Amino acid sequence: MFLKLDKISKGYGVPENRTYRNVLKDLDLELEAGSGLAIIGPSGSGKTTLLNLLGTLDVPDEGNINLGGSELSSLSEAELTVLRNKSIGFVFQSHFLLPQYNIWENVLLPTVPSGKAGDEVLTRAEDLLKETGIWDLRWQKPARLSGGECQRTAVVRALINNPSLLLADEPSGALDEENAEMIMDLLIRINKERNVTTIVITHSTELAKKMDRVMRLKNGKLEPLK
Ligand SMILES: Nc1ncnc2c1ncn2[C@@H]1O[C@H](COP(=O)(O)OP(=O)(O)O)[C@@H](O)[C@H]1O
Ligand SMILES: [Mg+2]
């Protein structure tokens, strides 16, 4: 199993304090390598909390997460940083492109920690930018691009280190209908053609249904919808 969550619980605040809020409770999930999953759920149901745990940006209070054979709780902070940079790609609702750099530079930024970008990385950047229709805009700064184009660039940036897991937290939440659909179709294509295990959080049940598997986060647990 590529990803296995075993009885994950996560809350915020101090237990026994009345402000304590339990968000995830005994949550289980199993995903095969290369699978695609959409997660829906009302605002405040814990979708971002769950994605942060999967992305090693936060740790569960209880339970285990196994990613690609590694028990996350057994990894050091340095090992987690390497895993996060090499194996996990993130796309958020805001694109977080750096305004002072052009598109080409923004896309290559995640490769900086591992040294000079080699031919393989440059070829992947070119392929992805062509595939997403951003290639001709690569010398522009983000401010010159539309919201949809910026978000497509953010997807390219998330894939530049060839991750095995792609996590997207409401990636089309800030876009109009047409661009929202374009981003979802792009994520599905990446999942299928590049075999990247993909988990997308979306508010739209309609967009969610485009993924192979759909689950709803409810009462701190995931329940299958499709
Ligand atoms: N860092 C935090 N500190 C305290 N409470 C938080 C924190 N992050 C999220 N929460 C609370 O946890 C609940 C779930 O939040 P979140 O995971 O962001 O939900 P969703 O992404 O589904 O809207 C919400 O009630 C939110 O207010
Ligand atoms: Mg959220």
# chains A, B, ... in the order shown; residues from 1 in each chain; ligands from 1
>>> residues_near_ligand(ligand="ligand 2", cutoff="9 Å", atoms="only C-alpha atoms and all ligand atoms", output="ChimeraX atom specification")
/A:43-49,51,93,169-170,201
>>> closest_atom_pairs(of="chain A", to="ligand 1", cutoff="12 Å", atoms="only C-alpha atoms and all ligand atoms", output="tab-separated table")
residue	atom	partner	partner_atom_place_in_ligand_line	distance
A:Lys10	CA	ligand 1	12 (O)	9.1
A:Gly11	CA	ligand 1	12 (O)	7.2
A:Tyr12	CA	ligand 1	4 (C)	4.8
A:Gly13	CA	ligand 1	4 (C)	6.3
A:Val14	CA	ligand 1	4 (C)	10.1
A:Thr19	CA	ligand 1	4 (C)	9.1
A:Tyr20	CA	ligand 1	4 (C)	8.4
A:Arg21	CA	ligand 1	12 (O)	6.8
A:Asn22	CA	ligand 1	12 (O)	7.6
A:Val23	CA	ligand 1	13 (C)	5.7
A:Leu24	CA	ligand 1	14 (C)	8.5
A:Lys25	CA	ligand 1	14 (C)	12.0
A:Ile39	CA	ligand 1	22 (O)	9.6
A:Ile40	CA	ligand 1	22 (O)	8.3
A:Gly41	CA	ligand 1	22 (O)	6.3
A:Pro42	CA	ligand 1	22 (O)	6.0
A:Ser43	CA	ligand 1	23 (O)	3.7
A:Gly44	CA	ligand 1	19 (O)	3.5
A:Ser45	CA	ligand 1	22 (O)	4.0
A:Gly46	CA	ligand 1	17 (O)	3.2
A:Lys47	CA	ligand 1	22 (O)	3.7
A:Thr48	CA	ligand 1	21 (O)	3.7
A:Thr49	CA	ligand 1	17 (O)	3.7
A:Leu50	CA	ligand 1	17 (O)	6.5
A:Leu51	CA	ligand 1	17 (O)	8.1
A:Asn52	CA	ligand 1	17 (O)	8.4
A:Leu53	CA	ligand 1	17 (O)	10.1
A:Leu57	CA	ligand 1	1 (N)	11.5
A:Asp58	CA	ligand 1	1 (N)	9.7
A:Val59	CA	ligand 1	1 (N)	11.9
A:Phe92	CA	ligand 1	21 (O)	11.2
A:Gln93	CA	ligand 1	21 (O)	10.9
A:Ala168	CA	ligand 1	21 (O)	11.5
A:Asp169	CA	ligand 1	21 (O)	8.0
A:Glu170	CA	ligand 1	21 (O)	8.7
A:Gly173	CA	ligand 1	21 (O)	11.8
A:Val200	CA	ligand 1	21 (O)	11.8
A:Ile201	CA	ligand 1	21 (O)	8.5
A:Thr202	CA	ligand 1	22 (O)	9.7
A:His203	CA	ligand 1	22 (O)	9.4
A:Arg216	CA	ligand 1	22 (O)	10.4
A:Leu217	CA	ligand 1	22 (O)	7.9
A:Lys218	CA	ligand 1	22 (O)	9.5
A:Asn219	CA	ligand 1	14 (C)	10.8
A:Gly220	CA	ligand 1	14 (C)	9.3
A:Lys221	CA	ligand 1	22 (O)	11.7
A:Leu222	CA	ligand 1	22 (O)	11.9
>>> write_last_selection(atoms="N, CA and C atoms", output="CSV table (one decimal), in the first residue's frame")
chain,number,residue,atom,x,y,z
A,10,LYS,N,-6.8,14.0,15.4
A,10,LYS,CA,-6.1,15.3,15.4
A,10,LYS,C,-7.1,16.3,16.0
A,11,GLY,N,-6.7,17.1,16.9
A,11,GLY,CA,-7.5,18.2,17.5
A,11,GLY,C,-6.6,19.4,17.7
A,12,TYR,N,-7.3,20.5,18.0
A,12,TYR,CA,-6.6,21.7,18.2
A,12,TYR,C,-6.9,22.2,19.6
A,13,GLY,N,-5.9,22.8,20.3
A,13,GLY,CA,-6.1,23.3,21.6
A,13,GLY,C,-5.6,22.3,22.6
A,14,VAL,N,-6.0,22.6,23.9
A,14,VAL,CA,-5.5,21.7,25.0
A,14,VAL,C,-6.7,20.8,25.4
A,19,THR,N,-12.1,25.0,25.0
A,19,THR,CA,-11.8,25.5,23.6
A,19,THR,C,-11.3,24.4,22.7
A,20,TYR,N,-11.0,23.2,23.3
A,20,TYR,CA,-10.4,22.1,22.5
A,20,TYR,C,-11.4,21.7,21.4
A,21,ARG,N,-10.8,21.5,20.2
A,21,ARG,CA,-11.7,21.0,19.2
A,21,ARG,C,-11.1,19.8,18.5
A,22,ASN,N,-11.8,18.7,18.6
A,22,ASN,CA,-11.4,17.5,18.0
A,22,ASN,C,-11.8,17.5,16.5
A,23,VAL,N,-10.9,17.4,15.6
A,23,VAL,CA,-11.3,17.5,14.1
A,23,VAL,C,-11.3,16.2,13.4
A,24,LEU,N,-10.2,15.4,13.6
A,24,LEU,CA,-10.2,14.0,12.9
A,24,LEU,C,-10.2,13.0,14.0
A,25,LYS,N,-11.0,11.9,13.8
A,25,LYS,CA,-11.2,10.9,14.9
A,25,LYS,C,-11.1,9.5,14.3
A,39,ILE,N,-11.6,14.5,-2.2
A,39,ILE,CA,-12.2,14.6,-0.9
A,39,ILE,C,-13.1,15.8,-0.8
A,40,ILE,N,-14.4,15.6,-0.4
A,40,ILE,CA,-15.3,16.7,-0.2
A,40,ILE,C,-15.7,16.8,1.2
A,41,GLY,N,-16.3,17.8,1.6
A,41,GLY,CA,-16.8,18.0,3.0
A,41,GLY,C,-17.0,19.4,3.3
A,42,PRO,N,-18.0,19.7,4.2
A,42,PRO,CA,-18.3,21.2,4.4
A,42,PRO,C,-17.1,21.9,5.0
A,43,SER,N,-17.1,23.2,4.9
A,43,SER,CA,-16.1,24.1,5.5
A,43,SER,C,-16.0,23.7,7.0
A,44,GLY,N,-14.7,23.6,7.5
A,44,GLY,CA,-14.5,23.3,8.9
A,44,GLY,C,-14.5,21.8,9.2
A,45,SER,N,-14.7,21.0,8.2
A,45,SER,CA,-14.8,19.5,8.5
A,45,SER,C,-13.4,18.9,8.7
A,46,GLY,N,-12.4,19.6,8.4
A,46,GLY,CA,-11.0,19.1,8.7
A,46,GLY,C,-10.3,18.7,7.4
A,47,LYS,N,-10.7,19.1,6.3
A,47,LYS,CA,-10.0,18.7,5.0
A,47,LYS,C,-8.6,19.2,4.9
A,48,THR,N,-8.4,20.5,5.3
A,48,THR,CA,-7.0,21.0,5.3
A,48,THR,C,-6.2,20.4,6.3
A,49,THR,N,-6.8,20.1,7.5
A,49,THR,CA,-6.1,19.4,8.6
A,49,THR,C,-5.6,18.1,8.1
A,50,LEU,N,-6.4,17.3,7.4
A,50,LEU,CA,-6.0,16.0,6.9
A,50,LEU,C,-4.9,16.2,5.8
A,51,LEU,N,-5.0,17.1,4.9
A,51,LEU,CA,-4.0,17.3,3.9
A,51,LEU,C,-2.7,17.7,4.5
A,52,ASN,N,-2.7,18.5,5.5
A,52,ASN,CA,-1.5,18.9,6.2
A,52,ASN,C,-0.8,17.7,6.8
A,53,LEU,N,-1.5,16.8,7.4
A,53,LEU,CA,-0.9,15.6,7.9
A,53,LEU,C,-0.3,14.7,6.8
A,57,LEU,N,3.2,18.4,7.0
A,57,LEU,CA,3.3,19.8,7.5
A,57,LEU,C,2.8,19.8,9.0
A,58,ASP,N,2.2,18.8,9.4
A,58,ASP,CA,1.7,18.7,10.8
A,58,ASP,C,1.7,17.2,11.2
A,59,VAL,N,1.6,16.9,12.5
A,59,VAL,CA,1.6,15.5,12.9
A,59,VAL,C,0.3,15.2,13.6
A,92,PHE,N,-2.2,24.8,-3.6
A,92,PHE,CA,-3.1,25.4,-2.7
A,92,PHE,C,-4.1,26.3,-3.4
A,93,GLN,N,-5.1,26.8,-2.7
A,93,GLN,CA,-6.1,27.6,-3.3
A,93,GLN,C,-5.5,28.9,-3.9
A,168,ALA,N,-3.6,18.6,-3.4
A,168,ALA,CA,-4.2,19.8,-3.9
A,168,ALA,C,-5.4,20.2,-2.9
A,169,ASP,N,-5.2,21.4,-2.3
A,169,ASP,CA,-6.2,21.8,-1.3
A,169,ASP,C,-7.1,22.9,-2.0
A,170,GLU,N,-8.3,22.5,-2.5
A,170,GLU,CA,-9.2,23.5,-3.2
A,170,GLU,C,-8.4,24.3,-4.2
A,173,GLY,N,-10.6,26.6,-6.1
A,173,GLY,CA,-11.5,27.4,-5.3
A,173,GLY,C,-11.6,28.9,-5.6
A,200,VAL,N,-7.2,15.4,-4.2
A,200,VAL,CA,-7.7,16.7,-4.4
A,200,VAL,C,-8.8,17.0,-3.5
A,201,ILE,N,-8.8,18.1,-2.8
A,201,ILE,CA,-9.9,18.6,-2.0
A,201,ILE,C,-10.7,19.6,-2.8
A,202,THR,N,-12.0,19.4,-2.9
A,202,THR,CA,-12.8,20.4,-3.7
A,202,THR,C,-14.1,20.6,-3.0
A,203,HIS,N,-14.7,21.8,-3.2
A,203,HIS,CA,-16.0,22.1,-2.7
A,203,HIS,C,-17.0,21.6,-3.7
A,216,ARG,N,-16.1,11.5,1.4
A,216,ARG,CA,-16.6,12.7,2.1
A,216,ARG,C,-16.0,12.7,3.6
A,217,LEU,N,-15.5,13.8,4.0
A,217,LEU,CA,-15.0,13.9,5.4
A,217,LEU,C,-16.2,14.4,6.2
A,218,LYS,N,-16.6,13.5,7.2
A,218,LYS,CA,-17.8,13.8,8.0
A,218,LYS,C,-17.5,13.2,9.4
A,219,ASN,N,-17.8,14.0,10.4
A,219,ASN,CA,-17.6,13.6,11.8
A,219,ASN,C,-16.2,13.0,12.0
A,220,GLY,N,-15.2,13.7,11.4
A,220,GLY,CA,-13.8,13.3,11.6
A,220,GLY,C,-13.4,12.0,10.9
A,221,LYS,N,-14.2,11.5,10.1
A,221,LYS,CA,-13.8,10.2,9.3
A,221,LYS,C,-14.1,10.4,7.8
A,222,LEU,N,-13.5,9.5,7.1
A,222,LEU,CA,-13.8,9.5,5.6
A,222,LEU,C,-14.8,8.4,5.3
>>> residues_around(residues="A:Leu108", least_positions_apart="3", cutoff="9 Å", atoms="only C-alpha atoms", output="ChimeraX atom specification")
/A:103-105,111-112,117,121-122,125,157,160-161
>>> write_last_selection(atoms="N, CA, C and O atoms", output="CSV table (one decimal), in the first residue's frame")
chain,number,residue,atom,x,y,z
A,103,ILE,N,7.9,33.2,-14.7
A,103,ILE,CA,7.2,31.9,-14.6
A,103,ILE,C,8.3,30.7,-14.7
A,103,ILE,O,8.2,29.8,-13.9
A,104,TRP,N,9.2,30.9,-15.6
A,104,TRP,CA,10.3,29.8,-15.7
A,104,TRP,C,11.0,29.7,-14.4
A,104,TRP,O,11.3,28.6,-13.9
A,105,GLU,N,11.4,30.8,-13.8
A,105,GLU,CA,12.1,30.8,-12.5
A,105,GLU,C,11.2,30.2,-11.3
A,105,GLU,O,11.7,29.4,-10.5
A,111,THR,N,13.6,23.2,-7.3
A,111,THR,CA,14.8,22.3,-7.6
A,111,THR,C,16.1,22.9,-7.0
A,111,THR,O,17.1,22.3,-7.0
A,112,VAL,N,16.0,24.2,-6.5
A,112,VAL,CA,17.2,24.8,-5.9
A,112,VAL,C,17.9,24.1,-4.8
A,112,VAL,O,19.1,23.9,-4.8
A,117,ALA,N,19.8,22.7,-11.7
A,117,ALA,CA,18.8,21.9,-12.4
A,117,ALA,C,19.5,21.2,-13.6
A,117,ALA,O,20.1,21.8,-14.4
A,121,VAL,N,15.4,17.8,-15.3
A,121,VAL,CA,14.5,18.8,-14.7
A,121,VAL,C,14.1,19.8,-15.8
A,121,VAL,O,12.9,20.2,-15.9
A,122,LEU,N,15.1,20.3,-16.6
A,122,LEU,CA,14.7,21.3,-17.6
A,122,LEU,C,13.8,20.7,-18.6
A,122,LEU,O,12.8,21.4,-19.1
A,125,ALA,N,10.3,20.5,-17.0
A,125,ALA,CA,9.7,21.9,-17.0
A,125,ALA,C,9.2,22.3,-18.3
A,125,ALA,O,8.0,22.7,-18.4
A,157,ARG,N,4.9,23.7,-11.0
A,157,ARG,CA,5.9,23.8,-9.9
A,157,ARG,C,5.8,22.7,-9.0
A,157,ARG,O,6.8,22.1,-8.5
A,160,ILE,N,7.6,19.6,-10.5
A,160,ILE,CA,8.9,19.7,-11.0
A,160,ILE,C,9.9,18.8,-10.4
A,160,ILE,O,10.9,18.3,-11.1
A,161,ASN,N,9.8,18.4,-9.2
A,161,ASN,CA,10.7,17.4,-8.6
A,161,ASN,C,10.2,16.0,-8.7
A,161,ASN,O,10.7,15.1,-8.1
>>> closest_residue(among="A:Ile134, A:Leu75, A:Leu186, A:Leu3", to="A:Lys210", atoms="only C-alpha atoms")
A:Leu186
>>> select_by_dssp(residues="stretch 86-148 of chain A", states="strand (DSSP E)", output="PyMOL selection string")
chain A and resi 88-91
>>> write_last_selection(atoms="C-alpha atoms", output="PDB file, in the first residue's frame")
ATOM      1  CA  ILE A  88       5.296  15.472  -2.331  1.00  0.00           C
ATOM      2  CA  GLY A  89       3.884  18.208  -4.535  1.00  0.00           C
ATOM      3  CA  PHE A  90       1.498  20.817  -3.119  1.00  0.00           C
ATOM      4  CA  VAL A  91      -1.100  22.986  -4.803  1.00  0.00           C
TER       5      VAL A  91
END
>>> atom_distance(atom1="atom CA of A:Ser35", atom2="atom CA of A:Ile65")
17.1 Å
>>> atom_distance(atom1="atom CA of A:Ser114", atom2="atom CA of A:Lys141")
24.1 Å
>>> closest_residue(among="A:Pro113, A:Gly147, A:Pro163, A:Gly69", to="A:Asn195", atoms="only C-alpha atoms")
A:Pro163
>>> select_by_dssp(residues="stretch 107-222 of chain A", states="helix (DSSP H, G or I)", output="PDB file with C-alpha atoms, in the first residue's frame")
ATOM      1  CA  VAL A 107       8.674  26.683 -11.738  1.00  0.00           C
ATOM      2  CA  LEU A 108      12.348  25.826 -11.161  1.00  0.00           C
ATOM      3  CA  LEU A 109      12.561  27.235  -7.614  1.00  0.00           C
ATOM      4  CA  PRO A 110      11.747  23.919  -5.858  1.00  0.00           C
ATOM      5  CA  THR A 111      14.787  22.345  -7.555  1.00  0.00           C
ATOM      6  CA  VAL A 112      17.202  24.829  -5.945  1.00  0.00           C
ATOM      7  CA  PRO A 113      17.840  22.857  -2.692  1.00  0.00           C
ATOM      8  CA  SER A 114      19.130  19.892  -4.694  1.00  0.00           C
ATOM      9  CA  ASP A 119      18.756  18.281 -18.171  1.00  0.00           C
ATOM     10  CA  GLU A 120      16.075  15.975 -16.810  1.00  0.00           C
ATOM     11  CA  VAL A 121      14.531  18.785 -14.748  1.00  0.00           C
ATOM     12  CA  LEU A 122      14.725  21.305 -17.608  1.00  0.00           C
ATOM     13  CA  THR A 123      13.078  18.838 -19.980  1.00  0.00           C
ATOM     14  CA  ARG A 124      10.333  18.135 -17.448  1.00  0.00           C
ATOM     15  CA  ALA A 125       9.741  21.875 -16.955  1.00  0.00           C
ATOM     16  CA  GLU A 126       9.468  22.346 -20.723  1.00  0.00           C
ATOM     17  CA  ASP A 127       7.135  19.357 -21.154  1.00  0.00           C
ATOM     18  CA  LEU A 128       4.870  20.428 -18.299  1.00  0.00           C
ATOM     19  CA  LEU A 129       4.720  24.068 -19.390  1.00  0.00           C
ATOM     20  CA  LYS A 130       3.834  22.999 -22.934  1.00  0.00           C
ATOM     21  CA  GLU A 131       1.265  20.502 -21.649  1.00  0.00           C
ATOM     22  CA  TRP A 135       5.192  27.697 -22.380  1.00  0.00           C
ATOM     23  CA  ASP A 136       4.796  30.926 -24.376  1.00  0.00           C
ATOM     24  CA  LEU A 137       4.315  32.884 -21.124  1.00  0.00           C
ATOM     25  CA  PRO A 142       2.963  36.165 -12.515  1.00  0.00           C
ATOM     26  CA  ALA A 143       1.159  39.537 -12.467  1.00  0.00           C
ATOM     27  CA  ARG A 144       0.855  39.326 -16.280  1.00  0.00           C
ATOM     28  CA  GLY A 147      -5.721  33.386 -12.298  1.00  0.00           C
ATOM     29  CA  GLY A 148      -6.137  30.154 -14.236  1.00  0.00           C
ATOM     30  CA  GLU A 149      -2.700  30.485 -15.845  1.00  0.00           C
ATOM     31  CA  CYS A 150      -1.092  31.155 -12.449  1.00  0.00           C
ATOM     32  CA  GLN A 151      -2.779  28.097 -10.984  1.00  0.00           C
ATOM     33  CA  ARG A 152      -1.624  25.944 -13.927  1.00  0.00           C
ATOM     34  CA  THR A 153       1.895  27.259 -13.246  1.00  0.00           C
ATOM     35  CA  ALA A 154       1.494  26.259  -9.581  1.00  0.00           C
ATOM     36  CA  VAL A 155       0.625  22.725 -10.731  1.00  0.00           C
ATOM     37  CA  VAL A 156       3.766  22.630 -12.892  1.00  0.00           C
ATOM     38  CA  ARG A 157       5.857  23.847  -9.946  1.00  0.00           C
ATOM     39  CA  ALA A 158       4.325  21.130  -7.727  1.00  0.00           C
ATOM     40  CA  LEU A 159       5.440  18.499 -10.255  1.00  0.00           C
ATOM     41  CA  GLU A 177     -16.126  27.628 -13.589  1.00  0.00           C
ATOM     42  CA  GLU A 178     -14.234  27.175 -16.835  1.00  0.00           C
ATOM     43  CA  ASN A 179     -10.791  27.505 -15.241  1.00  0.00           C
ATOM     44  CA  ALA A 180     -11.835  25.384 -12.267  1.00  0.00           C
ATOM     45  CA  GLU A 181     -12.733  22.573 -14.651  1.00  0.00           C
ATOM     46  CA  MET A 182      -9.474  23.044 -16.553  1.00  0.00           C
ATOM     47  CA  ILE A 183      -7.413  22.633 -13.357  1.00  0.00           C
ATOM     48  CA  MET A 184      -9.355  19.532 -12.335  1.00  0.00           C
ATOM     49  CA  ASP A 185      -8.921  18.001 -15.814  1.00  0.00           C
ATOM     50  CA  LEU A 186      -5.202  18.793 -15.635  1.00  0.00           C
ATOM     51  CA  LEU A 187      -4.862  17.056 -12.256  1.00  0.00           C
ATOM     52  CA  ILE A 188      -6.727  14.013 -13.566  1.00  0.00           C
ATOM     53  CA  ARG A 189      -4.482  13.868 -16.645  1.00  0.00           C
ATOM     54  CA  ILE A 190      -1.366  14.058 -14.457  1.00  0.00           C
ATOM     55  CA  ASN A 191      -2.729  11.332 -12.222  1.00  0.00           C
ATOM     56  CA  LYS A 192      -3.475   9.040 -15.150  1.00  0.00           C
ATOM     57  CA  GLU A 193      -0.623   9.773 -17.546  1.00  0.00           C
ATOM     58  CA  THR A 205     -19.234  17.550  -5.948  1.00  0.00           C
ATOM     59  CA  GLU A 206     -19.424  17.814  -9.724  1.00  0.00           C
ATOM     60  CA  LEU A 207     -15.651  18.273 -10.071  1.00  0.00           C
ATOM     61  CA  ALA A 208     -14.991  15.613  -7.424  1.00  0.00           C
TER      62      ALA A 208
END
>>> closest_residue(among="A:Phe2, A:Ser146, A:Thr56, A:Lys226", to="A:Glu79", atoms="only C-alpha atoms")
A:Thr56
>>> atom_distance(atom1="atom CA of A:His95", atom2="atom CA of A:Val82")
22.1 Å
>>> closest_residue(among="A:Thr132, A:Thr198, A:Ser164, A:Asn17", to="A:Arg84", atoms="only C-alpha atoms")
A:Ser164
>>> decode(residues="stretch 169-181 of chain A", atoms="N, CA, C and O atoms", output="short mmCIF file (atom, residue, chain, number, x, y, z; two decimals), in the first residue's frame")
data_model
loop_
_atom_site.label_atom_id
_atom_site.label_comp_id
_atom_site.auth_asym_id
_atom_site.auth_seq_id
_atom_site.Cartn_x
_atom_site.Cartn_y
_atom_site.Cartn_z
N ASP A 169 -5.23 21.37 -2.30
CA ASP A 169 -6.24 21.84 -1.34
C ASP A 169 -7.10 22.93 -1.99
O ASP A 169 -6.69 24.07 -2.06
N GLU A 170 -8.26 22.55 -2.48
CA GLU A 170 -9.17 23.45 -3.18
C GLU A 170 -8.44 24.26 -4.24
O GLU A 170 -8.50 25.50 -4.25
N PRO A 171 -7.76 23.56 -5.17
CA PRO A 171 -6.93 24.25 -6.16
C PRO A 171 -7.73 25.14 -7.10
O PRO A 171 -7.18 26.06 -7.69
N SER A 172 -9.03 24.85 -7.24
CA SER A 172 -9.81 25.68 -8.16
C SER A 172 -10.80 26.56 -7.41
O SER A 172 -11.67 27.17 -8.01
N GLY A 173 -10.62 26.65 -6.09
CA GLY A 173 -11.55 27.41 -5.26
C GLY A 173 -11.63 28.89 -5.60
O GLY A 173 -12.66 29.52 -5.38
N ALA A 174 -10.54 29.44 -6.16
CA ALA A 174 -10.53 30.88 -6.44
C ALA A 174 -10.77 31.17 -7.92
O ALA A 174 -10.61 32.30 -8.36
N LEU A 175 -11.15 30.13 -8.69
CA LEU A 175 -11.26 30.30 -10.14
C LEU A 175 -12.72 30.27 -10.62
O LEU A 175 -13.58 29.72 -9.94
N ASP A 176 -12.95 30.83 -11.81
CA ASP A 176 -14.28 30.73 -12.40
C ASP A 176 -14.49 29.29 -12.88
O ASP A 176 -13.56 28.48 -12.89
N GLU A 177 -15.73 29.01 -13.27
CA GLU A 177 -16.13 27.63 -13.59
C GLU A 177 -15.26 26.98 -14.65
O GLU A 177 -14.80 25.84 -14.49
N GLU A 178 -14.99 27.73 -15.71
CA GLU A 178 -14.23 27.17 -16.83
C GLU A 178 -12.80 26.82 -16.42
O GLU A 178 -12.29 25.75 -16.71
N ASN A 179 -12.17 27.74 -15.70
CA ASN A 179 -10.79 27.50 -15.24
C ASN A 179 -10.73 26.44 -14.15
O ASN A 179 -9.76 25.69 -14.06
N ALA A 180 -11.76 26.40 -13.32
CA ALA A 180 -11.83 25.38 -12.27
C ALA A 180 -11.84 24.00 -12.90
O ALA A 180 -11.13 23.08 -12.48
N GLU A 181 -12.64 23.85 -13.97
CA GLU A 181 -12.73 22.57 -14.65
C GLU A 181 -11.41 22.22 -15.34
O GLU A 181 -10.97 21.07 -15.34
#
